[in-house]
Amino acid sequence: MTTTGTATLAPSRTRSGWSLAALSVGQIVSWGVLYYAPIVAAPAIAADTGWTLTEVTAAISAGLIVSAAAGIAVGRLIDTWSPRVVMSLGAITGTAGMIAAAHASSLLWFFVAWTVVGVAQAAVLYQAAFAVITRRYGARRQGALAVLTLAGGLASTVFAPITATLLTAWGWQTALIVLAGVLLVITLPLHWFTVEQAWAHQSQDHTARAHTVSTVIRTRRFWTLTVAVGLLTASLYTVTLSLIPLLTEKGFSYRTAALVLGLVGAGQVVGRLLFFVTPHGTRPWMPLALVSALSVVLLTSLALIPGPLWLLIATAIATGAVRGAHTLVQASAVADRWGTQNYGSINGVFAAPITILTALSPALGPIIATGVGSYSAMALVMAGIALLPLALARAT
């Protein structure tokens, strides 16, 4: 039941533009502090504490898994309670979790702190922001989603060097505390003053009322969509996050491979721009089918092409572009099929297994490569898995 009394009206064009800008800045900071900074800091944390790098990254991945579970409740709260309060509390929770992690005296404490961070991730990262954008803009959401994800794509570019500088100057504990302060000081006022207090009442026809989380998750279409998008996510992320060992296996230097991995991020920006300017028809399964088909071709190419370097770079950038477009396909999937009224609740359930697969992707690459004998063979296996979403797309 929607909160009464404080429901806001649809924002004016000017206010909507400022609100989108504020939400986008919030995504840069939130992704930078809660996701990319810990990844950059992980080796320093391991070296200083004596914990293994695997243990440190496992704690960070555990936080992402917690965020997947928490996202179900967060989506419902954004729909039925107050997106402003949810995202503001997320900023506070993230700050507390980062400070707790900085003061962790044992690996167990570090894991617990990162579960707190995981709850915050659910409340402030893409899934929460997608729910706000979808409810705010309705049928006009595509452009806003593109702007939001373009901003999110800048997070690593901004915060990776900032984190590295803080680590060099003050060590990982102070770095996490400073970054926690940045999160609180920037994102809390942005969320509190620009995100809607509650959603305005809207007259709904019978069909729209039927699209609730309880009815949608009972349909075969929902679970087919979840499986298809989940498998595609696992394929793209597992291979792209394993580009360094994949390319070094082909004879290129670590430095070159790291540069190519960085270009995948640039490719994501290109992919999101292309997705935005591409005409969108009335068949919601078509974008999923197109991204799946391109994924099969590009992942196969990464597996089989031995060189030259320029061709592998071009293929990696194109794969990044497909991954960027895939983010927007996932963001639009629920609203395109079941409308915007209960988007947060439905998308929370839809995104949970996909977020878990994303969290596991860094480990899947080495595990599969060990099993099949090489990273090239692993990429070929993932290209085969990407065929399944292509086959399932029309049924979604």
# chains A, B, ... in the order shown; residues from 1 in each chain; ligands from 1
>>> residues_around(residues="region 330-337 of chain A", least_positions_apart="3", cutoff="9 Å", atoms="only C-alpha atoms", output="JSON, numbers by chain")
{"A": [126, 127, 130, 131, 134, 138, 139, 141, 142, 145, 222, 225, 229, 282, 283, 284, 285, 288, 325, 326, 327, 340, 341, 342, 343, 346, 347, 350, 351, 396]}
>>> residues_around(residues="Leu360 (chain A)", least_positions_apart="6", cutoff="10 Å", atoms="only C-alpha atoms", output="short mmCIF file (atom, residue, chain, number, x, y, z; two decimals) with C-alpha atoms, in the first residue's frame")
data_model
loop_
_atom_site.label_atom_id
_atom_site.label_comp_id
_atom_site.auth_asym_id
_atom_site.auth_seq_id
_atom_site.Cartn_x
_atom_site.Cartn_y
_atom_site.Cartn_z
CA ALA A 58 35.65 -13.46 -0.49
CA SER A 61 31.92 -10.95 -2.66
CA ALA A 62 29.91 -11.97 0.41
CA LEU A 64 27.49 -8.50 -2.91
CA ILE A 65 25.58 -11.71 -2.17
CA ALA A 234 27.59 -14.89 -16.02
CA TYR A 237 31.32 -10.98 -16.68
CA THR A 238 33.24 -14.25 -16.30
CA ILE A 354 21.76 -12.05 -11.28
#
>>> atom_distance(atom1="CA of Val297 (chain A)", atom2="CA of Thr157 (chain A)")
28.0 Å
>>> atom_distance(atom1="CA of Pro38 (chain A)", atom2="CA of Ala164 (chain A)")
10.6 Å
>>> atom_distance(atom1="CA of Ala122 (chain A)", atom2="CA of Ile385 (chain A)")
27.5 Å
>>> select_by_dssp(residues="region 65-285 of chain A", states="helix (DSSP H, G or I)", output="PyMOL selection string")
chain A and resi 65-80+83-102+107-124+126-152+155-170+172-194+206-210+213-216+220-240+243-249+254-277+285
>>> closest_residue(among="A:Gly71, A:Gly267, A:Gly181, A:Gly17", to="Gly94 (chain A)", atoms="only C-alpha atoms")
A:Gly181
>>> closest_residue(among="A:His103, A:Arg323, A:Arg84, A:Arg140", to="Gly265 (chain A)", atoms="only C-alpha atoms")
A:Arg323
>>> residues_around(residues="Ala303 (chain A)", least_positions_apart="6", cutoff="8 Å", atoms="only C-alpha atoms", output="list in words")
Tyr375, Ser376, Ala377, Met378, Ala379 and Leu380 of chain A
>>> write_last_selection(atoms="N, CA and C atoms", output="mmCIF file, in the first residue's frame")
data_model
loop_
_atom_site.group_PDB
_atom_site.id
_atom_site.type_symbol
_atom_site.label_atom_id
_atom_site.label_comp_id
_atom_site.auth_asym_id
_atom_site.auth_seq_id
_atom_site.Cartn_x
_atom_site.Cartn_y
_atom_site.Cartn_z
ATOM 1 N N TYR A 375 42.247 -20.684 -20.371
ATOM 2 C CA TYR A 375 41.285 -19.578 -20.353
ATOM 3 C C TYR A 375 40.603 -19.414 -21.707
ATOM 4 N N SER A 376 41.284 -19.769 -22.768
ATOM 5 C CA SER A 376 40.638 -19.726 -24.083
ATOM 6 C C SER A 376 39.496 -20.724 -24.152
ATOM 7 N N ALA A 377 39.722 -21.905 -23.637
ATOM 8 C CA ALA A 377 38.655 -22.908 -23.605
ATOM 9 C C ALA A 377 37.513 -22.453 -22.703
ATOM 10 N N MET A 378 37.846 -21.791 -21.594
ATOM 11 C CA MET A 378 36.816 -21.251 -20.710
ATOM 12 C C MET A 378 35.941 -20.242 -21.446
ATOM 13 N N ALA A 379 36.568 -19.339 -22.218
ATOM 14 C CA ALA A 379 35.806 -18.346 -22.975
ATOM 15 C C ALA A 379 34.892 -19.019 -23.991
ATOM 16 N N LEU A 380 35.360 -20.107 -24.591
ATOM 17 C CA LEU A 380 34.539 -20.840 -25.552
ATOM 18 C C LEU A 380 33.348 -21.487 -24.854
#
>>> closest_residue(among="A:Ala391, A:Leu263, A:Ile313, A:Ala120", to="Ser292 (chain A)", atoms="only C-alpha atoms")
A:Ala391
>>> closest_residue(among="A:Val260, A:Ile39, A:Val213, A:Val349", to="Val74 (chain A)", atoms="only C-alpha atoms")
A:Val349
>>> closest_residue(among="A:Ala289, A:Ala151, A:Leu183, A:Ile367", to="Gly324 (chain A)", atoms="only C-alpha atoms")
A:Ala151
>>> closest_residue(among="A:Thr165, A:Thr226, A:Ser235, A:Thr49", to="Thr319 (chain A)", atoms="only C-alpha atoms")
A:Ser235
>>> residues_around(residues="Thr224 (chain A)", least_positions_apart="2", cutoff="10 Å", atoms="only C-alpha atoms", output="PyMOL selection string")
chain A and resi 219-222+226-230+389+392-396
>>> write_last_selection(atoms="C-alpha atoms", output="PDB file, in the first residue's frame")
ATOM      1  CA  THR A 219       4.680 -17.147 -14.396  1.00  0.00           C
ATOM      2  CA  ARG A 220       6.997 -19.180 -16.597  1.00  0.00           C
ATOM      3  CA  ARG A 221       7.875 -16.008 -18.486  1.00  0.00           C
ATOM      4  CA  PHE A 222       9.419 -14.400 -15.387  1.00  0.00           C
ATOM      5  CA  THR A 226      15.596 -14.511 -15.035  1.00  0.00           C
ATOM      6  CA  VAL A 227      17.487 -17.572 -16.261  1.00  0.00           C
ATOM      7  CA  ALA A 228      18.253 -15.988 -19.643  1.00  0.00           C
ATOM      8  CA  VAL A 229      19.565 -12.707 -18.226  1.00  0.00           C
ATOM      9  CA  GLY A 230      21.424 -14.531 -15.437  1.00  0.00           C
ATOM     10  CA  PRO A 389      19.758 -16.845 -23.555  1.00  0.00           C
ATOM     11  CA  LEU A 392      15.252 -18.442 -24.608  1.00  0.00           C
ATOM     12  CA  ALA A 393      14.838 -14.777 -25.592  1.00  0.00           C
ATOM     13  CA  ARG A 394      11.588 -15.094 -27.517  1.00  0.00           C
ATOM     14  CA  ALA A 395       9.950 -16.982 -24.635  1.00  0.00           C
ATOM     15  CA  THR A 396      10.589 -13.957 -22.393  1.00  0.00           C
TER      16      THR A 396
END
>>> decode(residues="region 142-183 of chain A", atoms="C-alpha atoms", output="short mmCIF file (atom, residue, chain, number, x, y, z; two decimals), in the first residue's frame")
data_model
loop_
_atom_site.label_atom_id
_atom_site.label_comp_id
_atom_site.auth_asym_id
_atom_site.auth_seq_id
_atom_site.Cartn_x
_atom_site.Cartn_y
_atom_site.Cartn_z
CA GLN A 142 15.25 4.95 -21.38
CA GLY A 143 17.15 8.22 -21.67
CA ALA A 144 17.37 8.65 -17.91
CA LEU A 145 18.61 5.07 -17.46
CA ALA A 146 21.28 5.68 -20.09
CA VAL A 147 22.46 8.86 -18.31
CA LEU A 148 22.47 7.08 -14.95
CA THR A 149 24.50 4.11 -16.15
CA LEU A 150 26.91 6.33 -18.08
CA ALA A 151 27.59 8.13 -14.80
CA GLY A 152 27.99 4.83 -12.96
CA GLY A 153 30.53 3.78 -15.56
CA LEU A 154 32.75 6.69 -14.53
CA ALA A 155 33.02 5.46 -10.95
CA SER A 156 36.11 3.32 -11.48
CA THR A 157 37.81 6.05 -13.53
CA VAL A 158 37.30 8.55 -10.70
CA PHE A 159 37.75 6.42 -7.60
CA ALA A 160 40.44 3.89 -8.56
CA PRO A 161 43.19 6.56 -8.68
CA ILE A 162 41.75 8.37 -5.63
CA THR A 163 41.80 5.13 -3.65
CA ALA A 164 45.32 4.31 -4.79
CA THR A 165 46.51 7.77 -3.72
CA LEU A 166 44.88 7.42 -0.29
CA LEU A 167 46.39 3.96 0.16
CA THR A 168 49.87 5.26 -0.63
CA ALA A 169 49.54 8.29 1.63
CA TRP A 170 47.75 6.88 4.68
CA GLY A 171 47.21 3.11 4.41
CA TRP A 172 44.06 1.11 3.88
CA GLN A 173 42.33 1.82 7.20
CA THR A 174 42.48 5.59 6.90
CA ALA A 175 41.63 5.31 3.21
CA LEU A 176 38.41 3.44 3.98
CA ILE A 177 37.46 5.94 6.69
CA VAL A 178 38.07 8.92 4.38
CA LEU A 179 36.07 7.28 1.60
CA ALA A 180 33.25 6.53 4.06
CA GLY A 181 33.17 10.22 4.91
CA VAL A 182 33.03 11.13 1.21
CA LEU A 183 30.08 8.76 0.77
#
